[in-house]
Each structure stands twice: as structure tokens, then as C-alpha cells.
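**Q** Contents of input12.cif (mmCIF, C-alpha atoms and all ligand atoms):
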data_start
#
loop_
_atom_site.label_atom_id
_atom_site.label_comp_id
_atom_site.auth_asym_id
_atom_site.auth_seq_id
_atom_site.Cartn_x
_atom_site.Cartn_y
_atom_site.Cartn_z
CA MET Q 1 -6.88 -2.25 38.51
CA PRO Q 2 -7.67 -0.47 35.24
CA PRO Q 3 -6.59 -2.35 32.13
CA ASP Q 4 -3.19 -1.41 30.77
CA ARG Q 5 -3.96 0.45 27.57
CA SER Q 6 -0.41 1.28 26.67
CA LYS Q 7 -0.14 -1.71 24.38
CA PRO Q 8 -2.61 -3.16 21.94
CA THR Q 9 -3.71 -6.59 23.08
CA SER Q 10 -4.78 -9.31 20.74
CA GLY Q 11 -8.31 -10.63 20.99
CA GLN Q 12 -6.73 -13.97 21.78
CA MET Q 13 -5.48 -13.01 25.20
CA ALA Q 14 -7.58 -9.98 26.00
CA GLU Q 15 -9.02 -9.40 29.44
CA PRO Q 16 -12.78 -9.58 29.82
CA LEU Q 17 -14.46 -6.19 29.82
CA SER Q 18 -16.68 -4.51 32.33
CA ASP Q 19 -18.92 -2.79 29.81
CA LEU Q 20 -20.14 -4.01 26.42
CA ALA Q 21 -20.02 -0.46 25.03
CA GLU Q 22 -16.24 -0.68 25.26
CA LEU Q 23 -16.49 -3.46 22.69
CA GLY Q 24 -18.73 -1.45 20.39
CA TRP Q 25 -22.12 -2.65 21.60
CA GLY Q 26 -24.97 -0.22 20.93
CA PRO Q 27 -28.66 0.21 20.08
CA PHE Q 28 -28.33 -1.36 16.62
CA PHE Q 29 -27.47 -4.69 18.27
CA LEU Q 30 -29.54 -4.32 21.42
CA GLN Q 31 -32.79 -3.85 19.46
CA GLN Q 32 -32.29 -7.27 17.84
CA LEU Q 33 -32.84 -9.04 21.16
CA ASP Q 34 -36.25 -9.81 22.56
CA ALA Q 35 -36.84 -9.57 26.30
CA ASP Q 36 -36.37 -13.30 26.74
CA GLU Q 37 -33.06 -13.36 24.92
CA LEU Q 38 -31.88 -10.40 26.90
CA GLN Q 39 -32.49 -12.37 30.09
CA THR Q 40 -31.17 -15.72 28.97
CA SER Q 41 -28.16 -14.95 26.78
CA VAL Q 42 -24.57 -14.07 27.26
CA ILE Q 43 -23.45 -11.50 24.69
CA GLY Q 44 -20.00 -11.75 23.17
CA ARG Q 45 -18.04 -10.22 20.33
CA VAL Q 46 -15.76 -12.31 18.16
CA THR Q 47 -12.35 -10.73 18.64
CA ALA Q 48 -10.28 -13.38 16.89
CA VAL Q 49 -10.83 -16.09 14.31
CA HIS Q 50 -8.49 -19.06 14.38
CA ARG Q 51 -8.43 -22.21 12.36
CA SER Q 52 -10.34 -24.24 14.91
CA VAL Q 53 -11.92 -21.72 17.27
CA LEU Q 54 -13.38 -18.26 17.62
CA HIS Q 55 -12.37 -16.09 20.52
CA VAL Q 56 -15.19 -14.14 22.10
CA LEU Q 57 -14.98 -11.28 24.54
CA GLY Q 58 -17.76 -9.89 26.70
CA VAL Q 59 -18.58 -8.70 30.19
CA GLY Q 60 -16.64 -11.08 32.41
CA LEU Q 61 -16.11 -13.28 29.37
CA SER Q 62 -12.98 -14.17 27.40
CA LYS Q 63 -13.29 -17.57 25.84
CA ALA Q 64 -12.54 -19.79 22.85
CA ILE Q 65 -15.68 -21.27 21.32
CA PRO Q 66 -16.35 -23.46 18.27
CA HIS Q 67 -16.90 -21.91 14.86
CA PHE Q 68 -20.50 -20.99 14.26
CA ALA Q 69 -22.59 -20.83 11.11
CA THR Q 70 -26.20 -20.21 10.23
CA ALA Q 71 -28.09 -20.82 6.99
CA GLN Q 72 -29.01 -17.70 5.01
CA GLY Q 73 -31.06 -18.89 2.06
CA ASP Q 74 -28.55 -20.72 -0.12
CA GLU Q 75 -25.52 -19.28 1.61
CA THR Q 76 -23.85 -20.30 4.80
CA ASP Q 77 -23.14 -17.41 7.08
CA PHE Q 78 -20.12 -17.90 9.31
CA ALA Q 79 -19.44 -15.80 12.34
CA THR Q 80 -16.37 -13.74 11.56
CA VAL Q 81 -14.16 -11.35 13.46
CA GLY Q 82 -16.14 -8.40 14.75
CA ASP Q 83 -19.42 -10.30 14.89
CA TRP Q 84 -21.75 -10.25 17.85
CA LEU Q 85 -23.00 -13.60 19.13
CA LEU Q 86 -25.60 -14.63 21.64
CA LEU Q 87 -24.29 -17.50 23.72
CA HIS Q 88 -26.04 -20.05 25.87
CA PRO Q 89 -25.58 -18.88 29.48
CA ASP Q 90 -24.53 -22.29 30.82
CA THR Q 91 -22.61 -23.93 28.01
CA LEU Q 92 -21.48 -20.73 26.30
CA GLN Q 93 -22.30 -22.41 22.99
CA PRO Q 94 -23.21 -19.85 20.32
CA LYS Q 95 -26.96 -19.55 19.73
CA ARG Q 96 -27.42 -16.65 17.34
CA LEU Q 97 -25.41 -14.34 15.13
CA LEU Q 98 -26.65 -10.75 15.23
CA HIS Q 99 -27.19 -8.63 12.12
CA ARG Q 100 -24.19 -6.55 11.20
CA THR Q 101 -23.73 -2.85 10.62
CA SER Q 102 -21.09 -3.66 8.01
CA LEU Q 103 -19.43 -6.64 6.36
CA ILE Q 104 -16.15 -6.98 4.45
CA LYS Q 105 -15.98 -9.98 2.17
CA ARG Q 106 -13.72 -11.25 -0.55
CA ARG Q 107 -13.40 -14.03 -3.03
CA ALA Q 108 -10.98 -16.86 -2.33
CA ALA Q 109 -8.29 -17.59 -4.87
CA GLY Q 110 -8.41 -20.79 -6.86
CA PRO Q 111 -11.20 -22.79 -8.44
CA GLY Q 112 -14.68 -22.21 -7.07
CA ARG Q 113 -13.64 -18.81 -5.75
CA ARG Q 114 -15.48 -19.25 -2.48
CA LEU Q 115 -16.84 -16.20 -0.70
CA GLN Q 116 -14.89 -15.41 2.46
CA LEU Q 117 -16.01 -13.09 5.19
CA ILE Q 118 -13.16 -10.88 6.33
CA ALA Q 119 -14.72 -8.85 9.12
CA ALA Q 120 -18.04 -7.59 10.44
CA ASN Q 121 -19.12 -4.44 12.21
CA VAL Q 122 -16.14 -2.33 11.19
CA ASP Q 123 -17.03 1.35 11.61
CA THR Q 124 -14.24 3.09 9.72
CA LEU Q 125 -12.00 2.06 6.85
CA PHE Q 126 -8.82 4.12 6.64
CA ILE Q 127 -7.80 4.07 3.00
CA VAL Q 128 -4.09 4.83 3.03
CA THR Q 129 -2.07 6.23 0.15
CA SER Q 130 0.89 8.58 0.02
CA CYS Q 131 1.98 11.83 -1.60
CA ASN Q 132 3.99 10.08 -4.32
CA GLN Q 133 3.69 7.53 -7.14
CA ASP Q 134 1.37 5.39 -5.03
CA PHE Q 135 -1.30 8.07 -5.25
CA ASN Q 136 -3.70 6.70 -7.78
CA ILE Q 137 -7.29 7.80 -8.30
CA ALA Q 138 -8.37 4.42 -9.70
CA ARG Q 139 -7.11 2.63 -6.59
CA LEU Q 140 -8.86 5.11 -4.32
CA GLU Q 141 -12.12 4.66 -6.22
CA ARG Q 142 -11.75 0.91 -5.88
CA TYR Q 143 -11.29 1.08 -2.10
CA LEU Q 144 -14.10 3.61 -1.78
CA THR Q 145 -16.37 1.22 -3.66
CA LEU Q 146 -15.48 -1.56 -1.22
CA ALA Q 147 -16.12 0.72 1.76
CA ARG Q 148 -19.47 1.89 0.42
CA GLU Q 149 -20.58 -1.62 -0.41
CA ALA Q 150 -19.53 -2.91 3.02
CA GLU Q 151 -21.35 0.11 4.56
CA ILE Q 152 -18.21 1.32 6.31
CA THR Q 153 -17.32 5.00 6.60
CA PRO Q 154 -14.21 5.62 4.48
CA VAL Q 155 -11.50 8.06 5.55
CA VAL Q 156 -8.69 8.71 3.08
CA VAL Q 157 -5.29 9.11 4.74
CA ILE Q 158 -2.54 10.49 2.52
CA THR Q 159 0.85 9.97 4.18
CA LYS Q 160 4.34 11.33 3.46
CA SER Q 161 3.20 14.95 3.36
CA ASP Q 162 6.81 15.77 4.25
CA LEU Q 163 8.00 14.51 0.87
CA THR Q 164 6.10 17.03 -1.25
CA ASP Q 165 5.52 20.76 -1.55
CA HIS Q 166 2.12 20.11 -3.12
CA SER Q 167 0.19 18.15 -0.52
CA GLU Q 168 -2.95 20.29 -1.17
CA ALA Q 169 -3.05 19.01 -4.75
CA PHE Q 170 -3.26 15.42 -3.46
CA GLU Q 171 -5.86 16.42 -0.91
CA GLN Q 172 -8.01 18.22 -3.47
CA ALA Q 173 -7.90 15.28 -5.88
CA ALA Q 174 -9.11 12.93 -3.13
CA VAL Q 175 -11.78 15.28 -1.71
CA ARG Q 176 -13.46 15.41 -5.11
CA LEU Q 177 -14.05 11.65 -5.14
CA LEU Q 178 -17.11 11.58 -2.90
CA PRO Q 179 -19.25 14.34 -1.40
CA GLY Q 180 -18.35 14.81 2.27
CA LEU Q 181 -15.35 12.47 2.09
CA ASN Q 182 -12.89 12.94 4.95
CA VAL Q 183 -9.33 13.30 3.71
CA LEU Q 184 -6.30 13.67 6.00
CA VAL Q 185 -2.87 14.59 4.69
CA LEU Q 186 -0.10 13.92 7.20
CA ASP Q 187 3.28 12.57 8.14
CA ALA Q 188 2.57 9.12 9.55
CA ARG Q 189 5.62 9.25 11.82
CA ILE Q 190 4.50 12.32 13.77
CA PRO Q 191 2.15 11.81 16.74
CA ASP Q 192 0.72 15.34 16.46
CA ASP Q 193 -0.32 14.55 12.90
CA VAL Q 194 -1.68 11.10 13.63
CA VAL Q 195 -3.98 12.35 16.44
CA ARG Q 196 -6.20 13.47 13.58
CA LEU Q 197 -7.27 9.84 13.27
CA TYR Q 198 -8.51 9.83 16.88
CA PRO Q 199 -12.10 10.97 16.18
CA TRP Q 200 -12.64 7.60 14.47
CA CYS Q 201 -10.70 5.53 16.99
CA GLY Q 202 -12.58 6.32 20.21
CA ARG Q 203 -14.24 4.01 22.71
CA GLY Q 204 -15.82 0.99 21.06
CA GLN Q 205 -15.03 2.14 17.51
CA THR Q 206 -13.72 -0.52 15.15
CA VAL Q 207 -11.29 0.55 12.44
CA ALA Q 208 -9.32 -1.10 9.65
CA PHE Q 209 -6.51 0.06 7.37
CA VAL Q 210 -6.12 -0.73 3.67
CA GLY Q 211 -3.60 0.43 1.11
CA SER Q 212 -0.64 -0.73 -0.94
CA SER Q 213 2.62 -1.92 0.52
CA GLY Q 214 4.87 0.84 1.73
CA VAL Q 215 2.29 3.61 2.04
CA GLY Q 216 2.71 3.73 5.82
CA LYS Q 217 -0.04 1.62 7.39
CA SER Q 218 2.25 0.07 10.00
CA THR Q 219 3.84 3.44 10.64
CA LEU Q 220 0.40 5.00 11.25
CA ILE Q 221 -0.61 2.18 13.55
CA ASN Q 222 2.67 2.32 15.45
CA THR Q 223 2.31 6.06 15.91
CA LEU Q 224 -1.31 5.60 16.98
CA THR Q 225 -0.36 3.01 19.56
CA GLN Q 226 2.96 4.66 20.36
CA THR Q 227 4.75 1.38 20.49
CA GLU Q 228 7.39 -0.12 18.30
CA ARG Q 229 5.44 -3.32 17.98
CA ILE Q 230 4.16 -3.92 14.47
CA VAL Q 231 0.63 -4.86 15.33
CA THR Q 232 -0.24 -5.57 11.73
CA GLN Q 233 1.65 -8.82 11.78
CA GLY Q 234 -0.88 -11.60 12.19
CA ILE Q 235 -0.77 -14.11 14.98
CA ARG Q 236 1.22 -17.16 13.93
CA GLU Q 237 -0.56 -20.46 13.99
CA ASN Q 238 0.43 -23.92 12.89
CA ASP Q 239 -1.38 -25.08 9.82
CA ASP Q 240 -2.19 -28.74 9.07
CA LYS Q 241 1.21 -29.38 7.55
CA GLY Q 242 3.07 -28.00 10.51
CA ARG Q 243 4.02 -24.82 8.70
CA HIS Q 244 3.54 -21.45 10.23
CA THR Q 245 0.87 -19.32 8.65
CA THR Q 246 -0.47 -15.96 9.63
CA SER Q 247 -4.08 -16.97 9.33
CA ALA Q 248 -5.65 -15.36 12.36
CA ARG Q 249 -7.85 -12.34 12.05
CA ALA Q 250 -8.20 -10.36 15.20
CA LEU Q 251 -9.28 -7.11 16.80
CA HIS Q 252 -6.61 -5.34 18.83
CA ARG Q 253 -7.29 -2.81 21.51
CA LEU Q 254 -6.11 0.71 20.71
CA PRO Q 255 -4.96 3.07 23.46
CA SER Q 256 -7.72 5.49 22.40
CA GLY Q 257 -10.38 2.89 23.28
CA GLY Q 258 -11.09 1.67 19.76
CA TRP Q 259 -10.41 -1.66 18.12
CA LEU Q 260 -8.06 -2.24 15.24
CA LEU Q 261 -8.87 -4.99 12.79
CA ASP Q 262 -5.73 -6.92 11.97
CA THR Q 263 -6.07 -9.27 9.07
CA PRO Q 264 -4.10 -10.71 6.25
CA GLY Q 265 -6.06 -10.71 3.06
CA MET Q 266 -7.22 -7.10 3.06
CA ARG Q 267 -4.75 -6.33 0.30
CA GLU Q 268 -6.14 -8.79 -2.19
CA LEU Q 269 -9.70 -7.63 -1.76
CA GLN Q 270 -11.62 -8.15 -4.96
CA LEU Q 271 -14.75 -6.47 -6.08
CA THR Q 272 -17.62 -8.89 -5.62
CA ASP Q 273 -21.27 -7.96 -5.47
CA VAL Q 274 -20.46 -4.29 -5.20
CA GLN Q 275 -23.14 -2.91 -7.49
CA GLN Q 276 -24.38 -0.53 -4.81
CA GLY Q 277 -20.85 0.58 -3.95
CA LEU Q 278 -20.14 1.32 -7.61
CA ASP Q 279 -23.36 3.29 -7.97
CA ASP Q 280 -22.43 5.35 -4.90
CA VAL Q 281 -18.85 6.10 -5.89
CA PHE Q 282 -19.74 6.69 -9.54
CA ALA Q 283 -23.02 8.44 -8.84
CA ASP Q 284 -22.43 10.80 -11.79
CA ILE Q 285 -22.38 7.91 -14.26
CA ALA Q 286 -25.13 5.99 -12.45
CA ARG Q 287 -27.38 9.06 -12.70
CA LEU Q 288 -26.80 9.49 -16.43
CA ALA Q 289 -27.08 5.86 -17.54
CA PRO Q 290 -30.90 5.58 -17.27
CA SER Q 291 -31.17 8.39 -19.85
CA CYS Q 292 -29.27 6.42 -22.49
CA ARG Q 293 -31.49 5.34 -25.40
CA PHE Q 294 -30.63 1.67 -24.93
CA ARG Q 295 -31.09 -0.03 -21.61
CA ASP Q 296 -27.96 -2.12 -22.08
CA CYS Q 297 -25.95 0.84 -23.39
CA ARG Q 298 -22.22 0.30 -22.90
CA HIS Q 299 -21.53 4.03 -23.24
CA ASP Q 300 -19.26 3.30 -26.13
CA ILE Q 301 -20.49 4.00 -29.67
CA GLU Q 302 -24.22 3.57 -29.12
CA PRO Q 303 -26.44 6.36 -30.44
CA GLY Q 304 -28.33 8.39 -27.86
CA CYS Q 305 -25.81 7.70 -25.09
CA ALA Q 306 -26.31 10.18 -22.23
CA VAL Q 307 -22.91 9.35 -20.73
CA ARG Q 308 -21.02 10.12 -23.95
CA ALA Q 309 -23.06 13.28 -24.34
CA ALA Q 310 -21.92 14.40 -20.86
CA ILE Q 311 -18.31 13.74 -21.84
CA GLU Q 312 -18.76 15.82 -24.98
CA ARG Q 313 -20.21 18.67 -22.93
CA GLY Q 314 -17.12 18.47 -20.71
CA GLU Q 315 -19.15 17.44 -17.65
CA LEU Q 316 -17.57 14.02 -17.26
CA ASP Q 317 -14.02 12.80 -17.77
CA GLU Q 318 -13.40 10.12 -20.35
CA SER Q 319 -10.77 8.66 -17.99
CA ARG Q 320 -13.33 8.37 -15.19
CA LEU Q 321 -15.68 6.47 -17.49
CA GLN Q 322 -12.82 4.10 -18.38
CA ARG Q 323 -11.98 3.53 -14.70
CA TRP Q 324 -15.65 2.81 -13.97
CA LYS Q 325 -15.80 0.32 -16.85
CA LYS Q 326 -12.77 -1.51 -15.52
CA LEU Q 327 -14.28 -1.88 -12.06
CA VAL Q 328 -17.64 -2.94 -13.50
CA THR Q 329 -15.88 -5.64 -15.54
CA GLU Q 330 -14.06 -6.90 -12.44
CA GLU Q 331 -17.22 -6.93 -10.36
CA THR Q 332 -19.28 -8.64 -13.08
CA SER Q 333 -16.82 -11.47 -13.58
CA ASN Q 334 -16.34 -12.07 -9.84
CA THR Q 335 -20.03 -11.92 -9.09
CA LYS Q 336 -20.80 -14.28 -11.94
CA SER Q 337 -18.44 -16.93 -10.61
CA GLN Q 338 -20.19 -16.66 -7.26
CA ALA Q 339 -23.57 -17.24 -8.87
CA GLU Q 340 -22.15 -20.30 -10.64
CA ARG Q 341 -20.87 -21.62 -7.34
CA ARG Q 342 -24.21 -21.17 -5.70
CA THR Q 343 -25.96 -23.15 -8.42
CA LYS Q 344 -23.33 -25.86 -8.12
CA GLY Q 345 -23.70 -25.95 -4.32
CA ARG Q 346 -27.44 -26.48 -4.67
CA ALA Q 347 -26.96 -29.21 -7.25
CA THR Q 348 -24.67 -31.25 -5.03
CA GLY Q 349 -27.03 -30.71 -2.11
CA LYS Q 350 -24.38 -29.25 0.16
CA LYS Q 351 -25.92 -28.58 3.50
CA ILE Q 352 -25.07 -26.44 6.45
CA LYS Q 353 -23.92 -29.48 8.44
CA SER Q 354 -20.90 -30.19 6.26
CA ALA Q 355 -20.11 -26.50 5.98
CA LYS Q 356 -20.09 -26.19 9.74
CA LYS Q 357 -17.09 -28.46 10.03
CA ALA Q 358 -14.93 -26.34 7.78
CA PRO Q 359 -13.46 -23.15 9.18
CA PRO Q 360 -14.15 -20.12 7.04
CA ASP Q 361 -10.62 -19.68 5.75
N1 LIG U 1 8.88 10.42 5.04
C1 LIG U 1 7.89 9.62 5.43
N2 LIG U 1 8.08 8.30 5.47
C2 LIG U 1 7.04 7.52 5.85
C3 LIG U 1 5.77 8.05 6.19
N3 LIG U 1 4.94 7.02 6.49
C4 LIG U 1 5.67 5.89 6.34
N4 LIG U 1 6.93 6.19 5.96
C5 LIG U 1 8.02 5.24 5.67
O1 LIG U 1 7.61 4.41 4.60
C6 LIG U 1 8.09 3.08 4.75
C7 LIG U 1 6.97 2.07 4.65
O2 LIG U 1 6.05 2.29 5.71
P1 LIG U 1 5.19 1.09 6.35
O3 LIG U 1 4.44 1.69 7.49
O4 LIG U 1 6.05 -0.07 6.66
O5 LIG U 1 4.23 0.72 5.16
P2 LIG U 1 3.02 -0.34 5.15
O6 LIG U 1 1.87 0.35 4.52
O7 LIG U 1 2.83 -0.90 6.50
O8 LIG U 1 3.57 -1.44 4.15
P3 LIG U 1 3.20 -3.02 4.14
O9 LIG U 1 3.32 -3.54 5.52
O10 LIG U 1 4.22 -3.61 3.21
O11 LIG U 1 1.82 -3.14 3.56
C8 LIG U 1 8.81 3.07 6.10
O12 LIG U 1 10.19 3.21 5.87
C9 LIG U 1 8.26 4.28 6.82
O13 LIG U 1 9.15 4.83 7.74
C10 LIG U 1 5.61 9.47 6.15
O14 LIG U 1 4.54 10.02 6.41
N5 LIG U 1 6.70 10.20 5.76
MG MG U 2 2.91 -2.86 7.22
ZN ZN U 3 -24.84 5.16 -22.65
#
Would it be possible to restate this file's structure as C-alpha cells?
**A**
Amino acid sequence: MPPDRSKPTSGQMAEPLSDLAELGWGPFFLQQLDADELQTSVIGRVTAVHRSVLHVLGVGLSKAIPHFATAQGDETDFATVGDWLLLHPDTLQPKRLLHRTSLIKRRAAGPGRRLQLIAANVDTLFIVTSCNQDFNIARLERYLTLAREAEITPVVVITKSDLTDHSEAFEQAAVRLLPGLNVLVLDARIPDDVVRLYPWCGRGQTVAFVGSSGVGKSTLINTLTQTERIVTQGIRENDDKGRHTTSARALHRLPSGGWLLDTPGMRELQLTDVQQGLDDVFADIARLAPSCRFRDCRHDIEPGCAVRAAIERGELDESRLQRWKKLVTEETSNTKSQAERRTKGRATGKKIKSAKKAPPD
């Protein structure tokens, strides 16, 4: 019997698949296996992360396995939702974590500000905003920076086109942000509009949605899946104190054959180690900066500043420079606290063993 695709299923209870390509497997992952591994491993994708277990899905495989971590220099690398794992064929214990096409990470709140992995191998990030007060260039640039850094294709979705007579103005403002950026303006409640997301949601494609509260993420997802179920509500789990928390991160099957990343915590994403993302999204400023007279030029009042000169020539907006500075400040302070943590971790001799016991969230 073919699987029922009318409803998104959580990774937790999903049926095993008949073909790894349905899960997003492809040459990028295949080429990481040597002939021996290919013969002696079971391949699985992490479709849900729970407090005490990972759920993996594969060909004829749907199973809860222990959390898995490997050492990466000074850092511990935990398998996260979306990751591909090689499992031992008999015990189904994880053996190896495959390199990722993309990785979304964030900084934990509180002291130490630990690095948390949110999801791996996401193909498309739908950055959702709407044709009203929520539309904010700075916020879009911030999300674009995250997408670029994570190496995920961004698609800007501007909802509530029905509430304005000037939807082209919103579209034009977004299109200008990155060369070749895909921008969709639509009414999130209308299936004929939302089919425009389908090219990114096909077989084996993994997608995620980000955007402020109320912009229409759940509406888009409901229209995409054509069910009333709000799939963006996390799976409820008991925490240590017996309270309910929505801590699980999971991939849900979409009717179009893709996988939807469902995770709390996408909203509070901070900019950490996003130098490359910033250089991509602010390529105009990144290109000019090396021509400044001083290497550490802050593009403020320094003489011989190429960035200020471009502003004076009318080639660059002062407001864009200010937005860039704000993001650079955020990224610098977050990245610095990570470096401090790393040094501290080394000093106390924390090893992979102890890290292995702790789940990644
Ligand atoms: N007119 C109109 N209303 C919309 C559109 N998209 C969403 N809405 C409405 O906007 C409200 C908020 O939409 P949600 O889908 O719940 O927003 P969300 O992004 O999921 O918000 P959070 O879950 O809080 O992050 C709902 O009342 C929707 O019906 C649209 O394209 N046009
Ligand atoms: Mg919602
Ligand atoms: Zn300068």
C-alpha cells in the first residue's frame, strides 16, 4: 500500500521508506562512503531529536537510537535533526556522522552561551514576512545572512498580498537584497498561491520556515499540507521536572514529497560565526572595505574611507551601512563568547565522553 501522504507525519512515528532518495539522499552523501562502508553500513537520517534519543529513518528502518557525538577538534559535534548517520548493521548503533550540505546553529541563552545545532542538511529556508509593518529590510538581511552562512538557499515569502495595493513595492525592495534572490508575494491562505512554494518542496527536499510571529508561517504550512493541523507545534515531551516542554525537533513529511523542519528555537536565532554570511549579504560593503586606508577602518570618521566615499557618491545607503554595523556588532559579541567558552572547555579538560551523556538541548 502506498504511504498516505495526505497528512504530514512526524519523524517519531514515520513509516520506513523504500528509497533513500525520498529522504533526501544523494551524491553528496554517497561519495563520502568507501566501498566497505557501503557494504557494511545501514544508512539512516535523523528525523527527530528527543531528550534521550534520536529517531532515524531509512530503507526498512524506523528506530530510536542513542544520541551520537564525534570530536571535531575542540568542539563536540552532535548528530542533529536532518543528519545522515551510518549505523552498525547488527546493533544499529551509530558509527559515523556524514558531512552536511548545510547546518543551522544558534547560541544557547544563559551563561556560557553554548553552541546548539538546530538542524542539518536543510535545502531551503523560507524567510517569511508580510505586506505590512512586519516588512523590515534589516530583519530580512539578518535572515539572509543566517541562510548564507548555513549554506541554505533562501526564498523570501511575503504574505498578505491581499492587504495592500502595493505588493510590487514590497517585492522590489526584497529582490534588491541579493542577486538572484527568489521572492514570492502571495496570500498564504490560498492554495493556488501557495503552490508557488512547490518547486522547493519536492521529493527529498528539506525546507524550514522562519519569520516573526503572525506573518503567516502556520497558515502557509497548513495551506501546503491542506490540513487544519498546525504542524508547527512541537511534539510534547516530559522534561525532568515532569513539566511539558516542546523540545523535540523533527522533520515532517509534506504531501509534495519534501520534508518540513519543525523546531522551536528558530525564532531566537542569533548571529554567531556568520562572517561569510555577512560578506555575502553585504557584498557591496565587503568589496569596498579593503580599499579603506586603514585596515581596521570602522567606516566612521577615518580619513581615506572607501565606504564613506561610496556613500558620498550616492552609491551606498547610509542606512545600509548602519544595518551592517549592527549585525557585525551582534556577530562579533556572540562569536567572542564562543571563543571564550572554547578556551574554558580546554582548560577544564572537558572530553567527548562527558559531552556524550548530555543531549544537545
Ligand atoms: N489576509 C491575510 N491573512 C493572513 C495571511 N497569512 C496569514 N494570515 C493571518 O495572519 C494570522 C497569523 O498567521 P499565522 O500563520 O498564525 O502566523 P505565524 O507566522 O504562524 O505566527 P507564529 O506561530 O506566532 O509564529 C492568522 O490570523 C492568519 O489567518 C495572508 O496572506 N492574508
Ligand atoms: Mg505559527
Ligand atoms: Zn572605511
**Q** So the first atom is atom CA of Gly214 of chain Q and the second is atom CA of Ala188 of chain Q; what is the distance between them in Å, to one decimal place?
**A**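 Interatomic distance here is 11.6 Å.
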**Q** Could you report the residues within 7 Å of ligand LIG 1 (chain U), using all atoms listed in the file, as a ChimeraX atom specification?
**A** /Q:159-163,186-189,211-220
**Q** Return as a ChimeraX atom specification the residues of protein, DNA or RNA that approach ligand ZN 3 (chain U) to within 10 Å, with only C-alpha atoms and all ligand atoms taken into account.
**A** /Q:285,288-310
**Q** Name all residues at most 10 Å from Val185 of chain Q (count all atoms listed in the file; drop same-chain ones fewer than 3 positions away) and give them as a VMD selection string.
**A** chain Q and resid 128 to 131 156 to 162 167 to 168 170 to 171 188 193 to 194 196
**Q** Write out as a list in words which residues come within 8 Å of Asn334 of chain Q when counting all atoms listed in the file, dropping same-chain ones fewer than 2 positions away.
**A** Arg107, Gln270, Leu271, Thr272, Asp273, Glu330, Glu331, Thr332, Lys336, Ser337 and Gln338 of chain Q
**Q** Give me the residues near segment 59-69 of chain Q as a list in words, where near means some atom within 6 Å (using all atoms listed in the file) and where sequence neighbours in that chain fewer than 4 positions away do not count.
**A** Pro16, Leu17, Ser18, Asp19, Val53, Leu54, His55, Asp77, Phe78 and Ala79 of chain Q
**Q** Considering only C-alpha atoms and all ligand atoms, state which residue in the set Q:Leu103, Q:Ile221, Q:Leu177, Q:Val81 is at the smallest distance from ligand MG 2 (chain U).
**A**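 Comparing Q:Leu103, Q:Ile221, Q:Leu177, Q:Val81 against ligand MG 2 (chain U), the winner is Q:Ile221.
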**Q** Between Q:Asp262, Q:Asp134, Q:Glu22, Q:Asp279, single out the one closest to ligand MG 2 (chain U), counting all atoms listed in the file.
**A** Q:Asp262
**Q** What are the nearest atom pairs, with distances in Å to one decimal, for all residues of segment 65-134 of chain Q that come at most 9 Å from segment 39-44 of chain Q, using all atoms listed in the file, set out by chain and rising residue number as JSON lines?
**A**
{"residue": "Q:Asp83", "atom": "CA", "partner": "Q:Gly44", "partner_atom": "CA", "distance": 8.4}
{"residue": "Q:Trp84", "atom": "CA", "partner": "Q:Gly44", "partner_atom": "CA", "distance": 5.8}
{"residue": "Q:Leu85", "atom": "CA", "partner": "Q:Gly44", "partner_atom": "CA", "distance": 5.4}
{"residue": "Q:Leu86", "atom": "CA", "partner": "Q:Ile43", "partner_atom": "CA", "distance": 4.9}
{"residue": "Q:Leu87", "atom": "CA", "partner": "Q:Val42", "partner_atom": "CA", "distance": 4.9}
{"residue": "Q:His88", "atom": "CA", "partner": "Q:Ser41", "partner_atom": "CA", "distance": 5.6}
{"residue": "Q:Pro89", "atom": "CA", "partner": "Q:Val42", "partner_atom": "CA", "distance": 5.4}
{"residue": "Q:Asp90", "atom": "CA", "partner": "Q:Val42", "partner_atom": "CA", "distance": 9.0}
{"residue": "Q:Leu92", "atom": "CA", "partner": "Q:Val42", "partner_atom": "CA", "distance": 7.4}
{"residue": "Q:Lys95", "atom": "CA", "partner": "Q:Ser41", "partner_atom": "CA", "distance": 8.5}
**Q** May I have the residues from that selection written out with C-alpha atoms, as a PDB file, in the coordinates of the input?
**A**
ATOM      1  CA  ASP Q  83     -19.420 -10.300  14.890  1.00  0.00           C
ATOM      2  CA  TRP Q  84     -21.750 -10.250  17.850  1.00  0.00           C
ATOM      3  CA  LEU Q  85     -23.000 -13.600  19.130  1.00  0.00           C
ATOM      4  CA  LEU Q  86     -25.600 -14.630  21.640  1.00  0.00           C
ATOM      5  CA  LEU Q  87     -24.290 -17.500  23.720  1.00  0.00           C
ATOM      6  CA  HIS Q  88     -26.040 -20.050  25.870  1.00  0.00           C
ATOM      7  CA  PRO Q  89     -25.580 -18.880  29.480  1.00  0.00           C
ATOM      8  CA  ASP Q  90     -24.530 -22.290  30.820  1.00  0.00           C
ATOM      9  CA  LEU Q  92     -21.480 -20.730  26.300  1.00  0.00           C
ATOM     10  CA  LYS Q  95     -26.960 -19.550  19.730  1.00  0.00           C
TER      11      LYS Q  95
END
**Q** Do you have the atom CA of Arg249 of chain Q-atom CA of Ile137 of chain Q distance handy?
**A**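 Between atom CA of Arg249 of chain Q and atom CA of Ile137 of chain Q the gap works out to 28.6 Å.
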**Q** Return the single residue from Q:Gly82, Q:Pro255, Q:Gly24, Q:Pro94 that is closest to Thr70 of chain Q, with distances computed using all atoms listed in the file.
**A** Q:Pro94
**Q** Taking all atoms listed in the file into account, which of Q:Thr263, Q:Asp280, Q:Lys326, Q:Glu318 comes nearest ligand MG 2 (chain U)?
**A** Q:Thr263
**Q** What does the distance from atom CA of Leu224 of chain Q to atom CA of Thr47 of chain Q come to in Å, to one decimal?
**A**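 Between atom CA of Leu224 of chain Q and atom CA of Thr47 of chain Q the gap is 19.8 Å.
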**Q** Could you name the residues that touch Val155 of chain Q at 12 Å or less, counting only C-alpha atoms, but leaving out those on the same chain fewer than 6 positions away, as a PyMOL selection string?
**A** chain Q and resi 123-129+140+143-144+147-148+171+174-175+177-178+180-185+196-201+207-211
**Q** Quick one: of Q:Thr329, Q:Thr225, Q:Gln276, Q:Gln32, who's nearest to Arg96 of chain Q, counting only C-alpha atoms?
**A** Q:Gln32
**Q** Determine the nearest neighbour of ligand MG 2 (chain U) from the options Q:Ala21, Q:Leu57, Q:Asn132, Q:Asn222, counting all atoms listed in the file.
**A**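 Nearest candidate to ligand MG 2 (chain U) out of Q:Ala21, Q:Leu57, Q:Asn132, Q:Asn222: Q:Asn222.
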